[in-house]
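J.: Sending over protein23.cif (mmCIF, C-alpha atoms and all ligand atoms).
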```
data_data
loop_
_atom_site.group_PDB
_atom_site.id
_atom_site.type_symbol
_atom_site.label_atom_id
_atom_site.label_comp_id
_atom_site.auth_asym_id
_atom_site.auth_seq_id
_atom_site.Cartn_x
_atom_site.Cartn_y
_atom_site.Cartn_z
ATOM 1 C CA MET A 1 116.406 161.656 4.382
ATOM 2 C CA ILE A 2 114.182 158.601 3.905
ATOM 3 C CA ARG A 3 115.685 155.881 1.725
ATOM 4 C CA GLU A 4 113.758 153.020 0.130
ATOM 5 C CA ILE A 5 114.678 149.346 -0.097
ATOM 6 C CA PRO A 6 112.642 148.011 -3.055
ATOM 7 C CA PRO A 7 110.592 144.827 -2.543
ATOM 8 C CA ARG A 8 112.658 141.616 -2.278
ATOM 9 C CA SER A 9 116.016 143.421 -2.099
ATOM 10 C CA GLY A 10 118.584 144.546 0.442
ATOM 11 C CA THR A 11 121.296 147.062 1.203
ATOM 12 C CA ALA A 12 124.221 147.665 3.569
ATOM 13 C CA PHE A 13 125.691 150.824 5.044
ATOM 14 C CA VAL A 14 127.779 152.195 7.901
ATOM 15 C CA LEU A 15 125.988 153.365 11.045
ATOM 16 C CA GLY A 16 128.324 155.399 13.227
ATOM 17 C CA LYS A 17 128.387 155.156 17.008
ATOM 18 C CA GLY A 18 125.511 157.218 18.423
ATOM 19 C CA GLU A 19 123.610 157.434 15.148
ATOM 20 C CA ILE A 20 120.048 156.191 15.069
ATOM 21 C CA LEU A 21 118.593 153.906 12.440
ATOM 22 C CA ARG A 22 114.876 154.320 11.858
ATOM 23 C CA VAL A 23 113.241 151.413 9.983
ATOM 24 C CA ILE A 24 109.742 152.072 8.684
ATOM 25 C CA ASP A 25 107.078 149.788 7.223
ATOM 26 C CA PRO A 26 105.571 152.308 4.771
ATOM 27 C CA GLU A 27 102.564 150.255 3.709
ATOM 28 C CA GLY A 28 102.153 147.754 6.561
ATOM 29 C CA GLY A 29 102.603 143.982 6.514
ATOM 30 C CA GLN A 30 106.294 143.863 5.527
ATOM 31 C CA VAL A 31 109.306 142.318 7.301
ATOM 32 C CA SER A 32 112.869 143.690 7.287
ATOM 33 C CA ASP A 33 115.854 141.506 8.240
ATOM 34 C CA LEU A 34 118.624 143.378 10.041
ATOM 35 C CA ILE A 35 122.243 142.263 10.454
ATOM 36 C CA ALA A 36 124.884 144.253 12.328
ATOM 37 C CA CYS A 37 128.619 143.743 12.656
ATOM 38 C CA ARG A 38 131.448 145.866 13.953
ATOM 39 C CA GLN A 39 132.900 148.142 11.280
ATOM 40 C CA GLY A 40 136.390 146.953 10.350
ATOM 41 C CA ASP A 41 135.999 143.674 12.252
ATOM 42 C CA PRO A 42 133.128 141.798 10.580
ATOM 43 C CA CYS A 43 133.764 138.643 12.636
ATOM 44 C CA GLU A 44 132.040 140.437 15.513
ATOM 45 C CA MET A 45 128.418 139.847 14.579
ATOM 46 C CA LEU A 46 124.942 140.193 15.926
ATOM 47 C CA SER A 47 124.056 137.136 18.045
ATOM 48 C CA ASN A 48 120.518 136.124 18.939
ATOM 49 C CA GLY A 49 121.748 133.668 21.581
ATOM 50 C CA ARG A 50 123.868 136.266 23.395
ATOM 51 C CA THR A 51 120.990 138.728 23.154
ATOM 52 C CA PHE A 52 118.438 136.313 24.655
ATOM 53 C CA ASP A 53 120.920 135.438 27.375
ATOM 54 C CA TYR A 54 121.716 138.996 28.479
ATOM 55 C CA GLU A 55 118.284 140.508 27.870
ATOM 56 C CA GLU A 56 116.514 137.481 29.445
ATOM 57 C CA THR A 57 113.706 137.535 26.885
ATOM 58 C CA ILE A 58 112.994 136.563 23.291
ATOM 59 C CA ARG A 59 110.507 139.458 22.940
ATOM 60 C CA LEU A 60 112.741 142.411 22.235
ATOM 61 C CA THR A 61 111.397 145.943 22.185
ATOM 62 C CA ALA A 62 112.212 149.457 23.413
ATOM 63 C CA GLY A 63 114.798 149.324 26.182
ATOM 64 C CA ASN A 64 116.397 146.087 24.990
ATOM 65 C CA ARG A 65 119.860 145.866 23.454
ATOM 66 C CA LEU A 66 121.082 143.578 20.667
ATOM 67 C CA TRP A 67 124.397 141.887 21.531
ATOM 68 C CA SER A 68 127.320 140.497 19.558
ATOM 69 C CA ASN A 69 128.908 137.054 19.553
ATOM 70 C CA ARG A 70 131.699 138.631 21.646
ATOM 71 C CA SER A 71 129.240 139.843 24.289
ATOM 72 C CA HIS A 72 129.246 143.540 23.411
ATOM 73 C CA PRO A 73 125.969 145.421 22.940
ATOM 74 C CA LEU A 74 125.787 146.698 19.339
ATOM 75 C CA LEU A 75 122.368 148.362 19.138
ATOM 76 C CA GLU A 76 119.764 149.636 21.578
ATOM 77 C CA ILE A 77 116.085 149.762 20.651
ATOM 78 C CA ILE A 78 114.996 153.240 21.719
ATOM 79 C CA GLU A 79 111.522 153.367 20.159
ATOM 80 C CA ASP A 80 109.187 150.682 18.850
ATOM 81 C CA SER A 81 105.635 151.267 17.607
ATOM 82 C CA VAL A 82 105.044 147.532 17.049
ATOM 83 C CA GLY A 83 106.607 145.376 19.785
ATOM 84 C CA THR A 84 106.589 142.203 17.670
ATOM 85 C CA HIS A 85 109.840 141.137 16.026
ATOM 86 C CA ASP A 86 111.534 137.778 15.505
ATOM 87 C CA PHE A 87 115.086 136.821 16.443
ATOM 88 C CA LEU A 88 114.707 133.023 16.142
ATOM 89 C CA LEU A 89 114.727 132.392 12.393
ATOM 90 C CA THR A 90 117.462 132.662 9.792
ATOM 91 C CA PRO A 91 117.121 134.918 6.731
ATOM 92 C CA CYS A 92 115.048 133.372 3.937
ATOM 93 C CA SER A 93 117.276 131.825 1.248
ATOM 94 C CA GLU A 94 117.219 129.770 -1.956
ATOM 95 C CA ALA A 95 117.128 126.642 0.201
ATOM 96 C CA THR A 96 114.190 127.839 2.276
ATOM 97 C CA PHE A 97 112.288 128.685 -0.893
ATOM 98 C CA ARG A 98 112.857 125.123 -2.142
ATOM 99 C CA HIS A 99 111.807 123.722 1.243
ATOM 100 C CA PHE A 100 108.648 125.738 1.892
ATOM 101 C CA TYR A 101 107.544 126.990 -1.530
ATOM 102 C CA ALA A 102 108.269 124.127 -3.926
ATOM 103 C CA ASP A 103 105.482 125.299 -6.272
ATOM 104 C CA LYS A 104 106.800 128.857 -6.527
ATOM 105 C CA PRO A 105 109.860 130.404 -8.219
ATOM 106 C CA VAL A 106 113.066 130.199 -6.183
ATOM 107 C CA HIS A 107 114.451 133.535 -4.969
ATOM 108 C CA ARG A 108 117.837 134.250 -3.360
ATOM 109 C CA GLY A 109 115.901 135.748 -0.478
ATOM 110 C CA CYS A 110 117.135 137.927 2.346
ATOM 111 C CA PHE A 111 120.198 135.699 2.726
ATOM 112 C CA GLY A 112 121.315 136.260 -0.856
ATOM 113 C CA ASN A 113 120.487 139.946 -0.682
ATOM 114 C CA LEU A 114 122.432 140.357 2.566
ATOM 115 C CA ALA A 115 125.394 138.341 1.258
ATOM 116 C CA ALA A 116 125.631 140.569 -1.836
ATOM 117 C CA ALA A 117 125.200 143.819 0.092
ATOM 118 C CA LEU A 118 127.646 142.895 2.871
ATOM 119 C CA ALA A 119 130.394 141.414 0.657
ATOM 120 C CA PRO A 120 132.089 144.821 0.084
ATOM 121 C CA PHE A 121 132.398 145.129 3.894
ATOM 122 C CA GLY A 122 134.260 141.816 4.198
ATOM 123 C CA VAL A 123 131.362 139.696 5.454
ATOM 124 C CA GLU A 124 131.493 136.120 4.148
ATOM 125 C CA PRO A 125 128.140 134.426 3.400
ATOM 126 C CA ASP A 126 128.821 131.691 5.972
ATOM 127 C CA ALA A 127 129.229 134.352 8.651
ATOM 128 C CA ILE A 128 125.685 135.672 8.215
ATOM 129 C CA PRO A 129 123.844 134.817 11.448
ATOM 130 C CA VAL A 130 120.218 134.737 12.508
ATOM 131 C CA ALA A 131 118.920 138.178 11.593
ATOM 132 C CA PHE A 132 116.882 140.467 13.818
ATOM 133 C CA ASN A 133 113.697 140.186 11.784
ATOM 134 C CA ILE A 134 112.000 143.523 12.282
ATOM 135 C CA PHE A 135 108.178 143.387 12.268
ATOM 136 C CA MET A 136 108.217 139.574 11.768
ATOM 137 C CA ASN A 137 105.404 137.816 13.621
ATOM 138 C CA VAL A 138 106.522 134.402 14.935
ATOM 139 C CA PRO A 139 104.354 133.317 17.870
ATOM 140 C CA VAL A 140 105.669 130.539 20.121
ATOM 141 C CA ASP A 141 102.979 128.398 21.764
ATOM 142 C CA ALA A 142 103.088 126.674 25.158
ATOM 143 C CA GLN A 143 104.463 123.483 23.551
ATOM 144 C CA GLY A 144 107.315 125.420 21.930
ATOM 145 C CA ARG A 145 105.930 125.184 18.395
ATOM 146 C CA ILE A 146 106.444 128.197 16.178
ATOM 147 C CA ARG A 147 104.360 129.656 13.367
ATOM 148 C CA VAL A 148 105.092 132.389 10.853
ATOM 149 C CA GLU A 149 102.152 134.764 10.630
ATOM 150 C CA LYS A 150 101.432 137.987 8.773
ATOM 151 C CA PRO A 151 103.046 141.019 10.412
ATOM 152 C CA GLY A 152 100.695 143.085 12.548
ATOM 153 C CA THR A 153 102.075 146.362 11.246
ATOM 154 C CA VAL A 154 100.086 149.205 9.739
ATOM 155 C CA ALA A 155 101.438 151.861 7.384
ATOM 156 C CA GLY A 156 104.008 154.015 9.129
ATOM 157 C CA ASP A 157 104.915 151.617 11.919
ATOM 158 C CA HIS A 158 108.578 151.920 12.798
ATOM 159 C CA ILE A 159 111.425 151.037 15.117
ATOM 160 C CA ARG A 160 114.457 153.161 16.064
ATOM 161 C CA LEU A 161 117.788 151.631 17.043
ATOM 162 C CA ARG A 162 120.820 153.514 18.375
ATOM 163 C CA ALA A 163 124.284 152.304 17.408
ATOM 164 C CA LEU A 164 126.446 151.614 20.461
ATOM 165 C CA ASP A 165 129.580 151.249 18.315
ATOM 166 C CA ASP A 166 130.663 151.948 14.727
ATOM 167 C CA LEU A 167 128.706 149.326 12.806
ATOM 168 C CA VAL A 168 127.983 147.950 9.363
ATOM 169 C CA ILE A 169 124.278 147.284 8.943
ATOM 170 C CA GLY A 170 122.636 144.931 6.444
ATOM 171 C CA LEU A 171 118.930 145.537 5.903
ATOM 172 C CA THR A 172 116.324 143.956 3.615
ATOM 173 C CA ALA A 173 112.760 144.081 2.425
ATOM 174 C CA CYS A 174 111.966 140.400 2.989
ATOM 175 C CA SER A 175 111.329 138.104 0.040
ATOM 176 C CA ALA A 176 109.456 135.209 1.711
ATOM 177 C CA TYR A 177 105.749 134.655 1.127
ATOM 178 C CA ASP A 178 104.715 133.664 4.665
ATOM 179 C CA SER A 179 106.723 136.354 6.462
ATOM 180 C CA CYS A 180 105.022 139.128 4.560
ATOM 181 C CA GLY A 181 101.483 137.794 4.232
ATOM 182 C CA GLY A 182 101.988 136.689 0.615
ATOM 183 C CA SER A 183 102.857 140.074 -0.840
ATOM 184 C CA PHE A 184 106.083 142.019 -1.135
ATOM 185 C CA LYS A 185 106.457 145.666 -0.294
ATOM 186 C CA PRO A 186 109.290 148.132 0.176
ATOM 187 C CA ILE A 187 110.958 149.086 3.444
ATOM 188 C CA HIS A 188 111.969 152.631 4.273
ATOM 189 C CA TYR A 189 114.840 153.657 6.519
ATOM 190 C CA ALA A 190 116.614 156.771 7.691
ATOM 191 C CA ILE A 191 119.824 157.512 9.561
ATOM 192 C CA GLU A 192 119.249 160.182 12.187
ATOM 193 C CA ASP A 193 121.796 162.408 13.873
ATOM 194 C CA ARG A 194 123.939 160.926 16.553
ATOM 195 C CA ILE A 195 123.057 161.459 20.174
ATOM 196 C CA PRO A 196 125.579 161.081 22.982
HETATM 197 ZN ZN ZN A 201 113.364 137.222 4.125
#
```
Represent the supplied structure as structure tokens.
T.:
Amino acid sequence: MIREIPPRSGTAFVLGKGEILRVIDPEGGQVSDLIACRQGDPCEMLSNGRTFDYEETIRLTAGNRLWSNRSHPLLEIIEDSVGTHDFLLTPCSEATFRHFYADKPVHRGCFGNLAAALAPFGVEPDAIPVAFNIFMNVPVDAQGRIRVEKPGTVAGDHIRLRALDDLVIGLTACSAYDSCGGSFKPIHYAIEDRIP
């Protein structure tokens, strides 16, 4: 069953060990921030630093795993029609809206949406780490400078991630102007049957 995350919102749900999360960009050009923590022990969280360390790359795609702060792999990317995702930048928030978009209305952003969605699972706002920003296009140049560019996705692009443990997932349809090329669209996702 395909579920929809409306534009500029977020959700959270349990993803059992072996189940596969499919995240789809239904229209193209939209970013989705993903957070994962261990079910029942939300202090064990997705960690970009651990992931870069063990995977030896910042360009994560099929075959790579996403690791926790306690050095356990939480998710494995098993399929990826895009190959461009960001794991450097924090979820957009009220503060980032004030910083980058002073002439536009402030929004609670992915951070606020994740904090609200994850609260019932015991995740404190201060524990929310750098998200795995699915479809986000953040090129790094030879001098180390970063830019946020429009996602290169087309309608139907997707990624599939297999849970390597019982997890709680937070997932958004990003609210930031630059991340999504200035427009806001929904994100679709589905939980597929577990595989061994
Ligand atoms: Zn966002």
J.: Can you pull out every residue within 8 Å of region 187-190 of chain A, counting all atoms listed in the file, but drop anything in the same chain fewer than 6 positions away, and send it as a PyMOL selection string?
T.: chain A and resi 1-7+21-26+30-32+172-173
J.: Please identify every residue of chain A that has at least one atom no farther than 6 Å from an atom of ligand ZN 201 (chain A), counting only C-alpha atoms and all ligand atoms, and for each give the shortest atom pair and the distance in Å to one decimal, arranged by chain then increasing number, as CSV.
T.:
```
residue,atom,partner,partner_atom,distance
A:Pro91,CA,A:ZN201,ZN,5.1
A:Cys92,CA,A:ZN201,ZN,4.2
A:Gly109,CA,A:ZN201,ZN,5.5
A:Cys110,CA,A:ZN201,ZN,4.2
A:Cys174,CA,A:ZN201,ZN,3.7
A:Ser175,CA,A:ZN201,ZN,4.6
A:Ala176,CA,A:ZN201,ZN,5.0
```
J.: Around (111.8, 141.8, 22.4) in the file's frame, which residues reach within 12 Å when counting all atoms listed in the file? Return as JSON, numbers by chain?
T.: {"A": [48, 51, 52, 54, 55, 56, 57, 58, 59, 60, 61, 62, 63, 64, 65, 66, 76, 77, 78, 79, 80, 82, 83, 84, 85, 86, 87, 88, 132, 133, 134, 135, 136, 137, 138, 159]}
J.: Between CA of Thr11 (chain A) and CA of Cys37 (chain A), measure the distance and give it in Å to one decimal.
T.: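 It comes out at 14.0 Å.
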J.: With the file shown as input, list the residues that the PyMOL selection byres (((chain A and resi 154) around 7) and not hetatm) selects, as number ranges by chain.
T.: A: 27-29, 152-153, 155-157
J.: Would you be able to write out as a list in words which residues have an atom within 10 Å of (126.0, 147.1, 21.4) in the file's coordinates, counting only C-alpha atoms?
T.: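 Residues lying no farther than 10 Å from the given point: Lys17, Ala36, Cys37, Arg38, Leu46, Thr51, Arg65, Leu66, Trp67, Ser68, Ser71, His72, Pro73, Leu74, Leu75, Glu76, Arg162, Ala163, Leu164, Asp165, Asp166 and Leu167 of chain A.
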J.: Quick one: of A:Phe184, A:Asp33, A:Tyr177, A:Val148, who's nearest to Val106 (chain A), counting only C-alpha atoms?
T.: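 When distances to Val106 (chain A) are compared using only C-alpha atoms, the smallest one comes from A:Tyr177.
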J.: Enumerate, as a list of chain:residue names, the residues matched when the PyMOL selection byres (((chain A and resi 122-129) around 9) and not hetatm) is run on the file above.
T.: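 Applying the expression gives A:Ile35, A:Cys37, A:Gly40, A:Asp41, A:Pro42, A:Cys43, A:Met45, A:Leu46, A:Ser47, A:Asn48, A:Thr90, A:Pro91, A:Phe111, A:Gly112, A:Leu114, A:Ala115, A:Ala116, A:Leu118, A:Ala119, A:Pro120, A:Phe121, A:Val130, A:Ala131.
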J.: State, in Å with one decimal place, the distance from CA of Arg145 (chain A) to CA of Ala102 (chain A).
T.: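 Answer for the CA of Arg145 (chain A) to CA of Ala102 (chain A) separation: 22.5 Å.
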J.: Give me, please, the distance in Å between CA of Leu161 (chain A) and CA of Phe13 (chain A), quoted to one decimal.
T.: 14.4 Å
J.: Do a neighbour search on Asp178 (chain A) at 9 Å with all atoms listed in the file, toss out local chain neighbours closer than 2 positions, and write the hits as a ChimeraX atom specification.
T.: /A:148-150,176,180-183
J.: Go through A:Ile169, A:Ile191, A:Pro151, A:Arg108 one by one, measure the shortest atom-to-atom distance of each to Arg8 (chain A) using all atoms listed in the file, and give the residue with the smallest value.
T.: A:Arg108
J.: Keeping C-alpha atoms (and nothing else), can you write region 59-154 of chain A of this structure as a PDB file, in the first residue's frame?
T.:
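So the final result, stored in part.pdb, reads:
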```
ATOM      1  CA  ARG A  59      27.977   9.294  -1.689  1.00  0.00           C
ATOM      2  CA  LEU A  60      25.669   6.593  -0.433  1.00  0.00           C
ATOM      3  CA  THR A  61      23.699   4.410  -2.806  1.00  0.00           C
ATOM      4  CA  ALA A  62      22.726   0.773  -3.397  1.00  0.00           C
ATOM      5  CA  GLY A  63      25.009  -1.539  -1.445  1.00  0.00           C
ATOM      6  CA  ASN A  64      25.777   0.982   1.294  1.00  0.00           C
ATOM      7  CA  ARG A  65      24.513   0.698   4.862  1.00  0.00           C
ATOM      8  CA  LEU A  66      23.441   3.478   7.231  1.00  0.00           C
ATOM      9  CA  TRP A  67      24.993   3.100  10.702  1.00  0.00           C
ATOM     10  CA  SER A  68      24.037   4.140  14.220  1.00  0.00           C
ATOM     11  CA  ASN A  69      25.905   6.194  16.803  1.00  0.00           C
ATOM     12  CA  ARG A  70      26.666   2.857  18.517  1.00  0.00           C
ATOM     13  CA  SER A  71      28.260   1.428  15.368  1.00  0.00           C
ATOM     14  CA  HIS A  72      25.466  -0.935  14.344  1.00  0.00           C
ATOM     15  CA  PRO A  73      24.133  -0.924  10.778  1.00  0.00           C
ATOM     16  CA  LEU A  74      20.442   0.074  10.844  1.00  0.00           C
ATOM     17  CA  LEU A  75      19.458   0.160   7.166  1.00  0.00           C
ATOM     18  CA  GLU A  76      20.855  -1.155   3.899  1.00  0.00           C
ATOM     19  CA  ILE A  77      20.139   0.587   0.602  1.00  0.00           C
ATOM     20  CA  ILE A  78      19.116  -2.241  -1.718  1.00  0.00           C
ATOM     21  CA  GLU A  79      17.867  -0.239  -4.709  1.00  0.00           C
ATOM     22  CA  ASP A  80      18.360   3.363  -5.785  1.00  0.00           C
ATOM     23  CA  SER A  81      17.121   4.875  -9.053  1.00  0.00           C
ATOM     24  CA  VAL A  82      18.765   8.244  -8.304  1.00  0.00           C
ATOM     25  CA  GLY A  83      22.185   7.869  -6.650  1.00  0.00           C
ATOM     26  CA  THR A  84      22.206  11.425  -5.269  1.00  0.00           C
ATOM     27  CA  HIS A  85      21.331  11.921  -1.609  1.00  0.00           C
ATOM     28  CA  ASP A  86      22.721  14.146   1.138  1.00  0.00           C
ATOM     29  CA  PHE A  87      23.915  13.081   4.580  1.00  0.00           C
ATOM     30  CA  LEU A  88      25.800  16.284   5.500  1.00  0.00           C
ATOM     31  CA  LEU A  89      23.045  18.746   6.393  1.00  0.00           C
ATOM     32  CA  THR A  90      20.648  18.919   9.317  1.00  0.00           C
ATOM     33  CA  PRO A  91      16.862  18.941   8.824  1.00  0.00           C
ATOM     34  CA  CYS A  92      15.480  22.363   7.892  1.00  0.00           C
ATOM     35  CA  SER A  93      14.042  24.157  10.943  1.00  0.00           C
ATOM     36  CA  GLU A  94      12.537  27.448  12.123  1.00  0.00           C
ATOM     37  CA  ALA A  95      16.076  28.730  12.656  1.00  0.00           C
ATOM     38  CA  THR A  96      17.224  27.790   9.167  1.00  0.00           C
ATOM     39  CA  PHE A  97      14.188  29.519   7.695  1.00  0.00           C
ATOM     40  CA  ARG A  98      15.124  32.698   9.591  1.00  0.00           C
ATOM     41  CA  HIS A  99      18.746  32.359   8.457  1.00  0.00           C
ATOM     42  CA  PHE A 100      18.262  31.629   4.757  1.00  0.00           C
ATOM     43  CA  TYR A 101      14.764  32.890   3.941  1.00  0.00           C
ATOM     44  CA  ALA A 102      14.354  36.085   5.963  1.00  0.00           C
ATOM     45  CA  ASP A 103      11.847  37.452   3.416  1.00  0.00           C
ATOM     46  CA  LYS A 104       9.604  34.384   3.545  1.00  0.00           C
ATOM     47  CA  PRO A 105       7.236  32.978   6.198  1.00  0.00           C
ATOM     48  CA  VAL A 106       8.932  30.882   8.881  1.00  0.00           C
ATOM     49  CA  HIS A 107       8.028  27.180   8.880  1.00  0.00           C
ATOM     50  CA  ARG A 108       8.850  24.541  11.512  1.00  0.00           C
ATOM     51  CA  GLY A 109      10.466  22.575   8.714  1.00  0.00           C
ATOM     52  CA  CYS A 110      11.547  18.960   8.657  1.00  0.00           C
ATOM     53  CA  PHE A 111      13.005  19.341  12.152  1.00  0.00           C
ATOM     54  CA  GLY A 112       9.687  20.402  13.653  1.00  0.00           C
ATOM     55  CA  ASN A 113       7.799  17.794  11.669  1.00  0.00           C
ATOM     56  CA  LEU A 114      10.197  15.046  12.764  1.00  0.00           C
ATOM     57  CA  ALA A 115      10.141  16.197  16.400  1.00  0.00           C
ATOM     58  CA  ALA A 116       6.324  16.047  16.460  1.00  0.00           C
ATOM     59  CA  ALA A 117       6.120  12.697  14.671  1.00  0.00           C
ATOM     60  CA  LEU A 118       8.858  11.035  16.744  1.00  0.00           C
ATOM     61  CA  ALA A 119       7.760  12.335  20.171  1.00  0.00           C
ATOM     62  CA  PRO A 120       5.326   9.413  20.757  1.00  0.00           C
ATOM     63  CA  PHE A 121       8.300   7.044  20.264  1.00  0.00           C
ATOM     64  CA  GLY A 122      10.342   8.735  23.004  1.00  0.00           C
ATOM     65  CA  VAL A 123      12.663  10.751  20.763  1.00  0.00           C
ATOM     66  CA  GLU A 124      13.575  14.131  22.267  1.00  0.00           C
ATOM     67  CA  PRO A 125      14.012  17.050  19.826  1.00  0.00           C
ATOM     68  CA  ASP A 126      17.650  17.528  20.876  1.00  0.00           C
ATOM     69  CA  ALA A 127      18.369  13.924  19.922  1.00  0.00           C
ATOM     70  CA  ILE A 128      17.387  14.443  16.280  1.00  0.00           C
ATOM     71  CA  PRO A 129      20.606  14.056  14.263  1.00  0.00           C
ATOM     72  CA  VAL A 130      21.649  14.882  10.727  1.00  0.00           C
ATOM     73  CA  ALA A 131      19.011  13.211   8.579  1.00  0.00           C
ATOM     74  CA  PHE A 132      19.643  11.026   5.551  1.00  0.00           C
ATOM     75  CA  ASN A 133      18.220  13.486   3.044  1.00  0.00           C
ATOM     76  CA  ILE A 134      16.825  11.291   0.306  1.00  0.00           C
ATOM     77  CA  PHE A 135      17.015  12.802  -3.204  1.00  0.00           C
ATOM     78  CA  MET A 136      18.730  15.968  -1.854  1.00  0.00           C
ATOM     79  CA  ASN A 137      21.341  17.360  -4.238  1.00  0.00           C
ATOM     80  CA  VAL A 138      24.301  18.865  -2.339  1.00  0.00           C
ATOM     81  CA  PRO A 139      27.410  18.932  -4.533  1.00  0.00           C
ATOM     82  CA  VAL A 140      30.785  19.381  -2.821  1.00  0.00           C
ATOM     83  CA  ASP A 141      33.431  21.133  -4.930  1.00  0.00           C
ATOM     84  CA  ALA A 142      37.203  20.611  -4.884  1.00  0.00           C
ATOM     85  CA  GLN A 143      37.609  23.401  -2.294  1.00  0.00           C
ATOM     86  CA  GLY A 144      35.090  21.735   0.028  1.00  0.00           C
ATOM     87  CA  ARG A 145      32.338  24.296  -0.550  1.00  0.00           C
ATOM     88  CA  ILE A 146      28.800  22.980  -0.643  1.00  0.00           C
ATOM     89  CA  ARG A 147      25.724  24.118  -2.545  1.00  0.00           C
ATOM     90  CA  VAL A 148      22.090  23.092  -2.291  1.00  0.00           C
ATOM     91  CA  GLU A 149      20.675  22.470  -5.748  1.00  0.00           C
ATOM     92  CA  LYS A 150      17.360  21.254  -7.118  1.00  0.00           C
ATOM     93  CA  PRO A 151      16.970  17.475  -6.883  1.00  0.00           C
ATOM     94  CA  GLY A 152      17.663  15.623 -10.115  1.00  0.00           C
ATOM     95  CA  THR A 153      14.708  13.302  -9.651  1.00  0.00           C
ATOM     96  CA  VAL A 154      11.937  12.655 -12.142  1.00  0.00           C
TER      97      VAL A 154
END
```
